[in-house]
Each structure stands twice: as structure tokens, then as C-alpha cells.
>>> print(open('my_file27.cif').read())   # mmCIF, C-alpha atoms
data_query
#
loop_
_atom_site.label_atom_id
_atom_site.label_comp_id
_atom_site.auth_asym_id
_atom_site.auth_seq_id
_atom_site.Cartn_x
_atom_site.Cartn_y
_atom_site.Cartn_z
CA MET A 10 154.52 194.53 102.84
CA ASP A 11 153.29 197.71 104.48
CA ASN A 12 154.05 198.37 108.04
CA ARG A 13 151.50 196.14 109.70
CA ALA A 14 149.78 198.73 111.90
CA GLY A 15 149.65 201.21 109.03
CA ALA A 16 148.33 198.58 106.67
CA LEU A 17 145.66 197.53 109.14
CA ASP A 18 144.62 201.12 109.49
CA LEU A 19 144.30 201.54 105.73
CA GLN A 20 142.20 198.38 105.63
CA LEU A 21 139.83 199.84 108.20
CA LEU A 22 139.54 202.98 106.10
CA MET A 23 138.92 200.89 102.96
CA ARG A 24 136.11 199.03 104.68
CA ARG A 25 134.45 202.35 105.43
CA VAL A 26 135.04 203.59 101.89
CA VAL A 27 133.16 200.53 100.59
CA ARG A 28 130.25 201.73 102.75
CA ARG A 29 130.48 205.09 100.92
CA ASP A 30 131.97 206.90 103.91
CA ARG A 31 133.37 210.13 102.53
CA ALA A 32 135.32 211.04 105.65
CA ALA A 33 137.16 207.73 105.43
CA PHE A 34 137.76 208.36 101.74
CA ALA A 35 139.24 211.78 102.55
CA ALA A 36 141.47 210.19 105.20
CA LEU A 37 142.58 207.51 102.74
CA TYR A 38 143.45 210.23 100.25
CA ASP A 39 145.35 212.23 102.85
CA ARG A 40 147.35 209.23 103.91
CA THR A 41 148.24 207.80 100.52
CA SER A 42 148.14 210.61 97.94
CA PRO A 43 151.67 212.01 98.55
CA GLN A 44 153.28 208.67 97.74
CA LEU A 45 150.93 207.97 94.85
CA PHE A 46 151.51 211.44 93.44
CA GLY A 47 155.25 210.89 93.79
CA VAL A 48 154.98 207.65 91.81
CA ALA A 49 152.87 209.34 89.11
CA MET A 50 155.40 212.17 88.88
CA ARG A 51 158.24 209.71 88.55
CA ILE A 52 156.58 207.93 85.64
CA LEU A 53 155.14 210.99 83.90
CA ARG A 54 157.64 213.72 84.82
CA GLN A 55 154.93 216.22 84.10
CA ARG A 56 152.92 217.77 86.89
CA GLU A 57 149.57 218.38 85.20
CA GLU A 58 149.45 214.85 83.84
CA ALA A 59 150.38 213.41 87.22
CA GLU A 60 147.56 215.44 88.81
CA ASP A 61 145.08 214.12 86.23
CA VAL A 62 146.19 210.55 86.85
CA LEU A 63 145.95 210.93 90.63
CA GLN A 64 142.45 212.31 90.24
CA GLU A 65 141.38 209.49 87.89
CA CYS A 66 142.89 207.00 90.28
CA PHE A 67 140.88 208.16 93.29
CA VAL A 68 137.65 208.47 91.33
CA ALA A 69 138.23 204.84 90.24
CA VAL A 70 138.98 203.86 93.85
CA TRP A 71 135.66 205.35 94.96
CA ASP A 72 133.78 203.66 92.13
CA ARG A 73 135.47 200.29 92.47
CA ALA A 74 136.11 200.16 96.20
CA ASP A 75 134.08 196.96 96.51
CA THR A 76 136.48 195.14 94.20
CA TYR A 77 139.32 195.53 96.68
CA ASP A 78 140.20 192.14 98.17
CA ALA A 79 142.10 192.31 101.43
CA GLN A 80 143.07 188.65 101.05
CA LYS A 81 144.93 189.37 97.84
CA SER A 82 146.87 192.53 98.45
CA SER A 83 147.50 195.40 100.81
CA VAL A 84 145.53 198.60 100.28
CA MET A 85 148.64 200.51 99.24
CA THR A 86 149.60 197.92 96.63
CA TRP A 87 146.07 197.96 95.25
CA LEU A 88 146.07 201.75 95.02
CA LEU A 89 149.49 201.66 93.37
CA SER A 90 148.28 199.16 90.77
CA ILE A 91 145.38 201.39 89.80
CA LEU A 92 147.59 204.45 89.63
CA ARG A 93 150.52 202.85 87.85
CA HIS A 94 148.54 201.46 84.94
CA ARG A 95 146.87 204.79 84.38
CA ALA A 96 150.17 206.62 84.51
CA ILE A 97 151.75 204.14 82.09
CA ASP A 98 148.80 204.48 79.69
CA ARG A 99 149.13 208.21 79.79
CA ARG A 100 152.84 207.98 79.21
CA ARG A 101 152.37 205.73 76.18
CA ARG A 102 149.90 208.11 74.58
CA ARG A 103 152.58 210.76 74.58
CA ALA A 104 154.55 211.04 71.36
CA HIS A 105 157.97 211.33 72.89
CA MET A 106 159.54 211.38 76.31
CA GLU A 107 162.50 213.47 77.14
CA ASP A 108 164.92 211.13 78.77
CA ARG A 109 166.67 212.27 81.86
CA LEU A 110 167.42 209.14 83.81
CA GLY A 111 170.39 208.22 85.88
CA SER A 112 172.27 204.97 85.95
CA GLU A 113 170.85 201.86 87.53
CA GLU A 114 173.38 202.30 90.30
CA GLU A 115 171.54 205.50 91.13
CA LEU A 116 168.31 203.58 91.05
CA LEU A 117 169.72 200.96 93.34
CA SER A 118 171.12 203.46 95.74
CA LEU A 119 167.75 205.11 96.13
CA ARG A 120 166.91 204.71 99.71
CA ALA A 121 163.45 203.89 100.88
CA SER A 122 161.86 207.15 101.81
CA ILE A 123 159.94 205.14 104.35
CA GLY A 124 163.00 204.64 106.49
CA ASP A 125 161.07 204.07 109.70
CA ASP A 126 158.95 201.41 108.14
CA ALA A 127 160.85 198.28 109.01
CA ASP A 128 158.72 195.87 106.99
CA ARG A 129 158.86 197.95 103.85
CA GLY A 130 162.58 198.48 104.39
CA ALA A 131 163.17 194.74 104.69
CA GLY A 132 161.10 194.10 101.55
CA LEU A 133 163.20 196.62 99.68
CA ARG A 134 166.48 195.19 100.92
CA GLU A 135 165.45 191.73 99.85
CA LEU A 136 164.32 192.92 96.45
CA TYR A 137 167.57 194.85 95.96
CA LYS A 138 169.60 191.81 96.93
CA CYS A 139 167.80 189.75 94.30
CA LEU A 140 168.06 192.53 91.69
CA GLN A 141 171.80 192.66 92.31
CA GLU A 142 172.03 189.01 91.35
CA LEU A 143 170.79 189.83 87.85
CA GLU A 144 173.19 190.92 85.16
CA SER A 145 173.45 194.65 84.66
CA ALA A 146 171.48 195.12 81.44
CA PRO A 147 168.49 192.90 82.36
CA ARG A 148 168.40 194.58 85.77
CA ARG A 149 168.28 197.99 84.15
CA ALA A 150 165.46 196.80 81.91
CA VAL A 151 163.37 195.64 84.87
CA LEU A 152 163.98 198.83 86.84
CA LEU A 153 163.41 201.20 83.95
CA ALA A 154 160.15 199.40 83.16
CA TYR A 155 158.81 199.39 86.70
CA VAL A 156 160.15 202.67 88.04
CA TYR A 157 159.82 204.85 84.94
CA GLY A 158 157.24 202.99 82.86
CA TYR A 159 159.47 202.22 79.87
CA THR A 160 157.96 200.15 77.03
CA HIS A 161 159.78 197.27 75.32
CA GLU A 162 160.63 199.58 72.42
CA GLU A 163 162.00 202.32 74.65
CA LEU A 164 164.07 199.77 76.54
CA ALA A 165 165.44 198.47 73.25
CA GLN A 166 166.46 201.96 72.25
CA ARG A 167 167.88 202.89 75.62
CA LEU A 168 169.78 199.67 76.18
CA ALA A 169 170.81 199.29 72.53
CA ALA A 170 169.46 195.76 72.15
CA PRO A 171 166.81 194.23 69.87
CA THR A 172 163.27 194.13 71.27
CA GLY A 173 163.38 190.34 71.23
CA THR A 174 166.45 190.38 73.46
CA ILE A 175 164.74 192.83 75.84
CA LYS A 176 161.73 190.53 76.06
CA SER A 177 163.84 187.51 76.93
CA TRP A 178 165.87 189.53 79.47
CA ILE A 179 162.64 190.54 81.16
CA ARG A 180 161.27 187.01 81.27
CA ARG A 181 164.52 185.53 82.52
CA SER A 182 164.79 188.26 85.14
CA LEU A 183 161.23 187.68 86.33
CA ASP A 184 161.92 184.00 86.61
CA ARG A 185 165.09 184.56 88.62
CA LEU A 186 163.54 187.22 90.81
CA LYS A 187 160.63 185.00 91.69
CA ARG A 188 162.93 182.17 92.73
CA CYS A 189 165.22 184.52 94.64
CA LEU A 190 162.30 186.10 96.53
CA GLU A 191 160.59 182.86 97.43
CA MET B 17 148.59 182.87 73.98
CA ARG B 18 148.37 179.79 76.15
CA TYR B 19 147.11 180.72 79.56
CA ASP B 20 147.18 177.20 80.96
CA ASP B 21 150.97 176.93 81.12
CA PRO B 22 151.75 177.66 84.79
CA GLN B 23 155.21 179.02 84.00
CA LEU B 24 153.86 181.34 81.35
CA ARG B 25 151.06 182.55 83.60
CA ILE B 26 153.60 183.67 86.19
CA LEU B 27 155.70 185.47 83.58
CA LEU B 28 152.68 187.19 82.04
CA ALA B 29 151.54 188.30 85.48
CA GLY B 30 155.01 189.76 86.07
CA GLU B 31 155.02 191.57 82.74
CA TYR B 32 151.59 192.95 83.51
CA VAL B 33 152.83 194.38 86.81
CA LEU B 34 155.96 195.81 85.17
CA GLY B 35 153.61 197.68 82.83
CA LEU B 36 155.10 196.01 79.76
CA MET B 37 151.96 194.62 78.15
CA PRO B 38 150.72 196.39 75.04
CA SER B 39 147.24 197.91 75.52
CA LEU B 40 145.26 195.21 73.72
CA ALA B 41 147.05 192.31 75.38
CA ARG B 42 146.59 194.03 78.71
CA ALA B 43 142.85 194.47 78.24
CA ARG B 44 142.57 190.77 77.38
CA PHE B 45 144.71 189.84 80.35
CA GLU B 46 142.52 191.93 82.66
CA ARG B 47 139.37 190.21 81.41
CA LEU B 48 141.04 186.90 82.09
CA MET B 49 142.11 187.97 85.57
CA ALA B 50 138.52 188.90 86.38
CA ARG B 51 137.40 185.27 86.01
CA ASP B 52 140.61 183.51 87.03
CA PRO B 53 141.30 184.16 90.73
CA ALA B 54 144.55 182.18 90.63
CA LEU B 55 145.87 184.44 87.89
CA ALA B 56 144.72 187.52 89.83
CA GLN B 57 146.66 186.16 92.79
CA GLU B 58 149.83 185.82 90.70
CA VAL B 59 149.42 189.46 89.72
CA SER B 60 148.92 190.54 93.34
CA ASP B 61 152.02 188.58 94.35
CA TRP B 62 154.12 190.37 91.74
CA ALA B 63 152.65 193.71 92.77
CA GLU B 64 153.68 193.03 96.37
CA ARG B 65 157.16 191.96 95.27
CA PHE B 66 157.79 195.17 93.33
CA ALA B 67 155.89 197.54 95.62
CA PRO B 68 158.99 198.31 97.75
CA LEU B 69 160.39 200.15 94.71
CA ASP B 70 157.51 202.58 94.97
CA ALA B 71 158.52 203.30 98.53
CA THR B 72 161.75 204.79 97.18
CA VAL B 73 159.82 207.66 95.66
CA ARG B 74 159.94 211.04 97.32
CA PRO B 75 156.35 211.76 98.42
CA VAL B 76 155.00 214.87 96.73
CA MET B 77 152.05 216.77 98.14
CA PRO B 78 149.43 217.08 95.39
CA PRO B 79 147.78 220.49 95.07
CA ALA B 80 144.47 220.92 96.90
CA GLU B 81 142.75 221.34 93.54
CA VAL B 82 143.10 217.60 92.86
CA TRP B 83 141.04 216.69 95.91
CA ARG B 84 138.39 219.28 95.02
CA LYS B 85 138.06 217.72 91.56
CA ILE B 86 137.78 214.24 93.05
CA GLU B 87 135.07 215.46 95.42
CA ARG B 88 133.15 216.97 92.50
CA HIS B 89 133.34 213.67 90.62
CA ILE B 90 132.12 211.53 93.46
CA GLY B 91 129.64 214.09 94.77
CA ALA B 92 126.53 212.46 93.34
CA ASP B 93 126.51 209.17 95.19
CA ALA B 94 128.14 210.20 98.43
CA LYS B 95 126.26 209.52 101.63
CA PRO B 96 124.73 212.78 102.84
CA GLY B 97 125.89 213.98 106.22
CA SER B 98 129.20 212.20 106.13
CA GLU B 99 130.92 214.94 104.19
CA PRO B 100 133.88 216.34 106.07
CA GLN B 101 133.19 219.87 107.24
CA ALA B 102 135.36 222.62 105.87
CA PRO B 103 137.87 223.60 108.52
CA GLN B 104 137.30 226.94 110.15
CA ARG B 105 138.91 229.52 107.92
CA ASN B 106 140.86 231.96 110.01
CA PHE B 107 142.11 229.51 112.58
CA LEU B 108 143.58 226.75 110.51
CA ASN B 109 143.54 227.69 106.86
CA SER B 110 145.64 230.73 107.59
CA LEU B 111 148.36 228.41 108.74
CA GLY B 112 148.47 226.83 105.31
CA LEU B 113 149.17 223.39 106.61
CA TRP B 114 145.69 222.02 106.66
CA ARG B 115 146.48 219.32 104.18
CA GLY B 116 150.06 219.19 105.32
CA LEU B 117 149.30 216.32 107.62
CA ALA B 118 148.95 214.16 104.54
CA GLY B 119 152.68 214.16 104.03
CA ALA B 120 153.24 212.05 107.02
CA SER B 121 151.86 208.69 105.99
CA ALA B 122 155.14 206.87 106.52
CA ALA B 123 155.96 208.50 109.79
CA LEU B 124 152.35 208.05 110.72
CA ALA B 125 152.62 204.34 110.16
CA ALA B 126 155.66 204.31 112.40
CA ALA B 127 153.78 206.20 115.09
CA LEU B 128 150.91 203.76 114.86
CA ALA B 129 153.29 200.84 115.10
CA LEU B 130 154.81 202.33 118.22
CA PHE B 131 151.37 202.79 119.62
CA VAL B 132 150.39 199.20 118.99
CA ILE B 133 153.53 198.01 120.75
CA LEU B 134 152.64 200.10 123.77
CA ARG B 135 149.02 198.96 123.90
CA PRO B 136 148.95 195.32 122.96
CA VAL B 137 145.62 194.34 124.52
CA ALA B 138 142.50 195.74 122.86
CA PRO B 139 142.82 197.17 119.35
CA PRO B 140 142.36 200.90 119.80
CA GLU B 141 140.56 203.07 117.32
CA VAL B 142 142.64 205.95 116.10
CA VAL B 143 140.62 209.13 116.45
CA ALA B 144 143.28 211.47 115.10
CA VAL B 145 146.99 211.74 114.54
CA LEU B 146 148.31 215.23 115.17
CA THR B 147 151.36 216.16 113.19
CA ASP B 148 153.75 219.06 113.48
CA THR B 149 154.22 221.63 110.71
CA ALA B 150 156.70 219.30 109.00
CA GLY B 151 154.10 216.54 108.93
CA THR B 152 155.72 214.38 111.58
CA PRO B 153 153.25 212.70 113.92
CA ALA B 154 153.54 214.14 117.42
CA PHE B 155 150.34 213.21 119.28
CA ILE B 156 147.88 210.42 118.80
CA ALA B 157 144.28 210.39 119.97
CA THR B 158 142.77 206.96 120.46
CA ARG B 159 139.63 205.39 121.79
CA THR B 160 139.92 201.92 123.27
CA GLY B 161 137.10 199.58 122.28
CA GLY B 162 133.84 200.58 123.94
CA SER B 163 135.48 203.21 126.12
CA GLN B 164 133.86 206.55 126.86
CA GLN B 165 137.30 208.12 127.01
CA ILE B 166 139.70 209.29 124.36
CA ALA B 167 143.37 209.38 125.29
CA VAL B 168 145.59 212.01 123.69
CA ALA B 169 149.25 211.16 124.12
CA PRO B 170 152.57 212.39 122.72
CA VAL B 171 154.40 209.82 120.61
CA ARG B 172 157.63 211.36 121.85
CA THR B 173 158.55 214.12 124.30
CA GLN B 174 158.03 217.64 122.98
CA ALA B 175 160.45 220.28 124.23
CA ILE B 176 158.51 223.35 125.32
CA ASP B 177 159.33 226.28 127.54
CA ALA B 178 158.69 225.54 131.24
CA HIS B 179 156.28 228.46 131.49
CA LYS B 180 154.22 227.34 128.56
CA SER B 181 151.66 224.62 128.06
CA LEU B 182 150.09 222.72 125.18
CA GLU B 183 146.34 223.08 124.88
CA LEU B 184 144.11 220.80 122.85
CA TRP B 185 141.23 222.17 120.78
CA ALA B 186 138.33 220.61 118.94
CA ILE B 187 137.74 222.24 115.59
CA ALA B 188 134.11 222.17 114.53
CA GLY B 189 131.95 224.75 112.79
CA GLY B 190 132.36 227.68 115.20
CA SER B 191 135.18 228.69 117.50
CA PRO B 192 137.71 226.10 118.63
CA LYS B 193 136.54 224.33 121.78
CA PRO B 194 139.17 223.90 124.55
CA LEU B 195 139.62 220.25 125.60
CA GLY B 196 142.41 220.56 128.16
CA LEU B 197 146.17 220.62 128.50
CA VAL B 198 148.16 217.78 126.96
CA PRO B 199 151.37 216.68 128.66
CA PRO B 200 154.43 217.27 126.45
CA THR B 201 156.30 214.32 127.96
CA PHE B 202 156.21 210.85 126.46
CA GLY B 203 154.26 208.50 128.72
CA GLY B 204 151.76 211.14 129.80
CA GLN B 205 148.31 211.56 128.33
CA LEU B 206 145.21 213.69 128.47
CA GLU B 207 141.91 211.87 128.84
CA ILE B 208 138.88 213.53 127.39
CA ALA B 209 135.28 212.37 127.18
CA SER B 210 134.61 210.56 123.94
CA ALA B 211 131.48 212.68 123.56
CA SER B 212 133.53 215.86 123.27
CA ILE B 213 134.53 214.80 119.76
CA THR B 214 131.17 215.33 118.14
CA GLY B 215 130.23 214.35 114.61
CA ASP B 216 130.98 217.83 113.31
CA THR B 217 134.47 217.94 114.79
CA THR B 218 136.73 217.93 111.75
CA ALA B 219 140.10 218.27 113.41
CA LEU B 220 142.04 218.44 116.64
CA ALA B 221 144.70 221.06 117.12
CA ILE B 222 147.24 221.87 119.83
CA SER B 223 148.38 225.42 120.43
CA LEU B 224 151.17 226.82 122.56
CA GLU B 225 149.65 228.66 125.51
CA PRO B 226 150.67 230.24 128.84
CA GLU B 227 151.47 227.89 131.70
CA ASN B 228 147.87 227.19 132.72
CA GLY B 229 146.31 227.30 129.31
CA SER B 230 144.67 230.05 127.31
CA PRO B 231 143.27 232.71 129.64
CA SER B 232 140.55 233.64 127.15
CA GLY B 233 139.11 230.26 126.18
CA ALA B 234 140.33 230.78 122.62
CA PRO B 235 143.76 229.86 121.29
CA THR B 236 146.27 232.68 121.80
CA GLY B 237 149.51 231.06 120.69
CA PRO B 238 150.59 229.38 117.46
CA VAL B 239 149.08 226.05 116.46
CA LEU B 240 151.95 223.59 116.72
CA PHE B 241 150.16 220.33 115.95
CA GLN B 242 146.98 219.32 114.22
CA GLY B 243 145.24 216.36 112.70
CA ARG B 244 142.03 215.51 110.91
CA VAL B 245 139.49 213.58 112.95
CA LEU B 246 139.38 210.10 111.43
CA ALA B 247 136.77 208.57 113.70
CA ALA B 248 134.29 210.80 115.51
CA ASN B 249 132.16 209.64 118.42
CA PRO B 250 130.27 206.56 117.18
#
>>> encode(input="my_file27.cif", output="C-alpha cells")
Amino acid sequence: MDNRAGALDLQLLMRRVVRRDRAAFAALYDRTSPQLFGVAMRILRQREEAEDVLQECFVAVWDRADTYDAQKSSVMTWLLSILRHRAIDRRRRRAHMEDRLGSEEELLSLRASIGDDADRGAGLRELYKCLQELESAPRRAVLLAYVYGYTHEELAQRLAAPTGTIKSWIRRSLDRLKRCLE
Amino acid sequence: MRYDDPQLRILLAGEYVLGLMPSLARARFERLMARDPALAQEVSDWAERFAPLDATVRPVMPPAEVWRKIERHIGADAKPGSEPQAPQRNFLNSLGLWRGLAGASAALAAALALFVILRPVAPPEVVAVLTDTAGTPAFIATRTGGSQQIAVAPVRTQAIDAHKSLELWAIAGGSPKPLGLVPPTFGGQLEIASASITGDTTALAISLEPENGSPSGAPTGPVLFQGRVLAANP
């Protein structure tokens, strides 16, 4: 989904990182860390924790570079997966989150910061179109989970619905999204 | 949990990517993924589907301390000699934008895309992307496969005073080394010998100079553009 030239370039860097090339690793960090840090900040809303997670993420990238499979996913998506799970873990370990989120309309009106990136922009438009086809509450659940790392329990509280209902909203939404995006 | 139901596998993969699996279930799911490539593929597909949402985030420049910590962690098994050299202190660090070029990944991708459109034949190797102080790519240095030349070209026309010029410098250990004047107009380019980007060249920088370049052989004007060297002379 990345811009093709940019994605290709990241793949070249990854190949060098697998060969333990530190300069390539530094370049990979330079190119991707602002977005990754932004994502960590969005989930954690706490700078020190986001810094820790970014650091853990890149140490893991260096250690596990050889597990990256270019056939399966783009470099950016792989990096995001590593980062996101760490950020979500960290968020769960926290006793309580202060909640300062906007409406899902705000979420949906978020524009891709990568405006020049036509491929990414198209991917986002398509995803938004399919998200819009979901009912409001299930859509909020999906977005709050992905964008802010909400757990089932937090979603239940926030959306004032039983956990069981949240779980079935999520599954139904995933099912519909997959069909819509195919 | 039944992992052989194709419908359920897809849903579980989606929940995993949404970050909704409890820790224990997730650990089990990850072990499963490791030996079930089809399941791993479902997960990658979901990750790609949702990834555009991460592009809506405002990029935030992490503090330099994070990179220093990462370097300390990975220090032990790094290949000696490939460590990036510290940039020369007074010349670039004083400008405080050394790591600023990192902010430009998106715009950088756009610049690279533009470049690929312009040069469709042989895949060029990007030597450096020079960004302005806001992090927007302005010049790109590339080496075409097997060539002894590196071309440094503006990705768009830069407006500069008629009596000024833009001079390119190689930043290595010592003083910046002058590499020539780069045309500010889109379509023009400066060709330099590939060998002038030596292994210890960490960055390229462009400063604003008098009409025919710096009279002293050292930069006299402000550094307007700079970029880390991504691929030195092979």
C-alpha cells in the first residue's frame, strides 16, 4: 500500500539491514521513525512511554530483521505491526487511561498526512468508504480499537454496550470490511 | 478455539491486527502463525487493509536520545566499519536540523516516485535525498547502475537570487569538500564523480554562495539543504 517507489526503497534498506548494515538501519530509522513515533503517541498519549516503545521496536527490528518477508507485507506495515503490538501491550499494563477522544466523525475526517502519496491515499479512501458502510457504533468500535488501542472492556464502557455485543460488532464489521475491500 | 474453520481464521487474524486479543490468546496465536504461513498471510492482509489509518497520524520527530539508546542496544553485533560517522559538529549540528531530514519520509516517497517517472530505464540507486529546513525533499542524488557518475538534481525549481549560487558539499570527517554548483532549476543537474562520495562521507549539503561559488573553498552562506548519504561509493 505504500507509494511504490518509497516501498521499494525501504525494501532495499531492509535487505541491507538483514546483512547487519548499520548505515542502512540508520536510514530506515530516519525514514520511518516519525510516523511510527506518531502512531505510538496516538495509542499511548504519553511521550516517555512512546519513546520506550519506539526504542524497543527498532531493537526488535534489528534482532529480527531476517524474519521480514517481502512477499507478505510492505516494510512499513511490518514495522507498524511490531510497534503497534508493543504500544498496545504497554497501554494495557497501565491501570487507567484518561480518555480524551473525539467523535468517530473526527476520526473519519482525519486526512492522510501523506497527501502526496497517491497509493496510500487511495487505500485510505477505499477503507473509509467501507467503514462508512458500517453502522455507527460498530464503526466506532473498530476505529477506537485500531487507532487508539482500546480493549474489548474499554469499548464496552465507552460505547455503553455489553462486552459480548462489542465482540459481535467487531466480528461482523471485520466480515463486512473484508468483503467490501475485496 | 478451532483454527481450522476458514471463516474463524480470518476473523481471528483481524482481531489480532486490531489489537483486541488478550495477551495469552495472542501469544498462542503468534505461535500458531509461526508454523502456519496461510494464517500469517491472513494477518498480513489485515495489516495492509488497516495500515492506511496509520497514515492519518501526524508524524512526530522522536528525540535524538531514542536513536542513541537503540545504537547502544545493537552495538555489540554491528558490523565494524559500517557505523555512520558523526556529522561534523560546527557545520551541521549547529543548524539543529541534522535529524530533521527524517521528517520527510512521505514527501521523500513522493520525490522518489517523481524521480522514477522521469528515469524509467535503469533502476537508479539513491545516494542521498537533500531536504530543506522544513524536511521537504529538494534535491536528489542518484547513481545509475554501474555508472561512475552521480547526478544531483533539483526535484523542483528553487527560487534563489540571481547573484547567488547553490554549492554542493560532501560532509566527511574534516572540512566540507566542495563538489560543484548545482542548478536551481528543475531539469538541470550537476554530475559528480561517483568516487567523490567516499565511504566516510556521511552527508551532502548545499549552501547559498556568491554567484560563482564560495571564494574560500569553505561554505560561507547558510546551509539550505542537506541529506544523509544512504549509499556511498560501492
>>> resolve_selection(input="my_file27.cif", expression="the PyMOL selection byres ((chain B and resi 47-49) around 12)", output="MDAnalysis selection string")
chainID B and resid 17:20 25 28:29 32 40:46 50:60
>>> atom_distance(input="my_file27.cif", atom1="CA of Asp177 (chain B)", atom2="CA of Lys193 (chain B)")
23.6 Å
>>> residues_around(input="my_file27.cif", residues="Arg159 (chain B)", least_positions_apart="5", cutoff="8 Å", atoms="only C-alpha atoms", output="ChimeraX atom specification")
/B:140-143,164-167,210
>>> resolve_selection(input="my_file27.cif", expression="the PyMOL selection byres ((chain B and resi 230) around 12)", output="ChimeraX atom specification")
/B:180-185,192-197,222-229,231-238
>>> closest_residue(input="my_file27.cif", among="A:Ala146, A:Leu19, A:Val68, A:Leu92", to="chain B", atoms="only C-alpha atoms")
A:Val68
>>> atom_distance(input="my_file27.cif", atom1="CA of Ser83 (chain A)", atom2="CA of Ser39 (chain B)")
25.4 Å
>>> closest_residue(input="my_file27.cif", among="A:Arg167, A:Arg102, A:Arg56, A:Arg31", to="chain B", atoms="only C-alpha atoms")
A:Arg31
>>> residues_around(input="my_file27.cif", residues="Ala67 (chain B)", least_positions_apart="3", cutoff="8 Å", atoms="all atoms listed in the file", output="mmCIF file with C-alpha atoms, keeping the file's coordinate frame")
data_model
loop_
_atom_site.group_PDB
_atom_site.id
_atom_site.type_symbol
_atom_site.label_atom_id
_atom_site.label_comp_id
_atom_site.auth_asym_id
_atom_site.auth_seq_id
_atom_site.Cartn_x
_atom_site.Cartn_y
_atom_site.Cartn_z
ATOM 1 C CA MET A 10 154.520 194.530 102.840
ATOM 2 C CA THR A 86 149.600 197.920 96.630
ATOM 3 C CA LEU A 89 149.490 201.660 93.370
ATOM 4 C CA ALA B 63 152.650 193.710 92.770
ATOM 5 C CA GLU B 64 153.680 193.030 96.370
ATOM 6 C CA ASP B 70 157.510 202.580 94.970
ATOM 7 C CA ALA B 71 158.520 203.300 98.530
#
>>> atom_distance(input="my_file27.cif", atom1="CA of Ala169 (chain B)", atom2="CA of Gln205 (chain B)")
4.3 Å
>>> closest_residue(input="my_file27.cif", among="B:Glu31, B:Pro22, B:Gln242, B:Arg84", to="Ala150 (chain B)", atoms="all atoms listed in the file")
B:Gln242
>>> decode(input="my_file27.cif", residues="region 187-194 of chain B", atoms="all heavy atoms", output="mmCIF file, in the first residue's frame")
data_model
loop_
_atom_site.group_PDB
_atom_site.id
_atom_site.type_symbol
_atom_site.label_atom_id
_atom_site.label_comp_id
_atom_site.auth_asym_id
_atom_site.auth_seq_id
_atom_site.Cartn_x
_atom_site.Cartn_y
_atom_site.Cartn_z
ATOM 1 N N ILE B 187 30.167 16.020 3.227
ATOM 2 C CA ILE B 187 30.500 16.117 4.646
ATOM 3 C C ILE B 187 31.123 14.797 5.091
ATOM 4 O O ILE B 187 30.465 13.760 5.110
ATOM 5 C CB ILE B 187 29.239 16.393 5.507
ATOM 6 C CG1 ILE B 187 28.397 17.529 4.916
ATOM 7 C CG2 ILE B 187 29.632 16.687 6.951
ATOM 8 C CD1 ILE B 187 29.088 18.847 4.789
ATOM 9 N N ALA B 188 32.408 14.857 5.401
ATOM 10 C CA ALA B 188 33.089 13.669 5.919
ATOM 11 C C ALA B 188 33.675 14.053 7.272
ATOM 12 O O ALA B 188 33.119 14.887 7.968
ATOM 13 C CB ALA B 188 34.146 13.210 4.931
ATOM 14 N N GLY B 189 34.809 13.470 7.631
ATOM 15 C CA GLY B 189 35.380 13.783 8.935
ATOM 16 C C GLY B 189 35.809 15.235 9.088
ATOM 17 O O GLY B 189 35.459 15.904 10.053
ATOM 18 N N GLY B 190 36.565 15.751 8.122
ATOM 19 C CA GLY B 190 37.174 17.080 8.268
ATOM 20 C C GLY B 190 36.297 18.202 7.757
ATOM 21 O O GLY B 190 35.104 18.234 8.032
ATOM 22 N N SER B 191 36.903 19.108 6.997
ATOM 23 C CA SER B 191 36.116 20.230 6.483
ATOM 24 C C SER B 191 35.249 19.755 5.327
ATOM 25 O O SER B 191 35.591 18.802 4.640
ATOM 26 C CB SER B 191 37.030 21.333 5.957
ATOM 27 O OG SER B 191 38.279 21.286 6.575
ATOM 28 N N PRO B 192 34.142 20.446 5.096
ATOM 29 C CA PRO B 192 33.298 20.103 3.950
ATOM 30 C C PRO B 192 34.086 20.228 2.652
ATOM 31 O O PRO B 192 34.877 21.151 2.485
ATOM 32 C CB PRO B 192 32.178 21.143 4.025
ATOM 33 C CG PRO B 192 32.167 21.604 5.440
ATOM 34 C CD PRO B 192 33.572 21.511 5.923
ATOM 35 N N LYS B 193 33.878 19.278 1.756
ATOM 36 C CA LYS B 193 34.615 19.269 0.487
ATOM 37 C C LYS B 193 33.693 19.791 -0.620
ATOM 38 O O LYS B 193 32.596 19.262 -0.798
ATOM 39 C CB LYS B 193 35.058 17.843 0.191
ATOM 40 C CG LYS B 193 36.035 17.716 -0.953
ATOM 41 C CD LYS B 193 36.548 16.281 -1.047
ATOM 42 C CE LYS B 193 35.414 15.330 -1.437
ATOM 43 N NZ LYS B 193 35.844 13.968 -1.732
ATOM 44 N N PRO B 194 34.124 20.862 -1.357
ATOM 45 C CA PRO B 194 33.249 21.400 -2.409
ATOM 46 C C PRO B 194 33.112 20.420 -3.580
ATOM 47 O O PRO B 194 34.092 19.816 -4.008
ATOM 48 C CB PRO B 194 33.964 22.689 -2.838
ATOM 49 C CG PRO B 194 35.388 22.479 -2.450
ATOM 50 C CD PRO B 194 35.396 21.574 -1.250
#
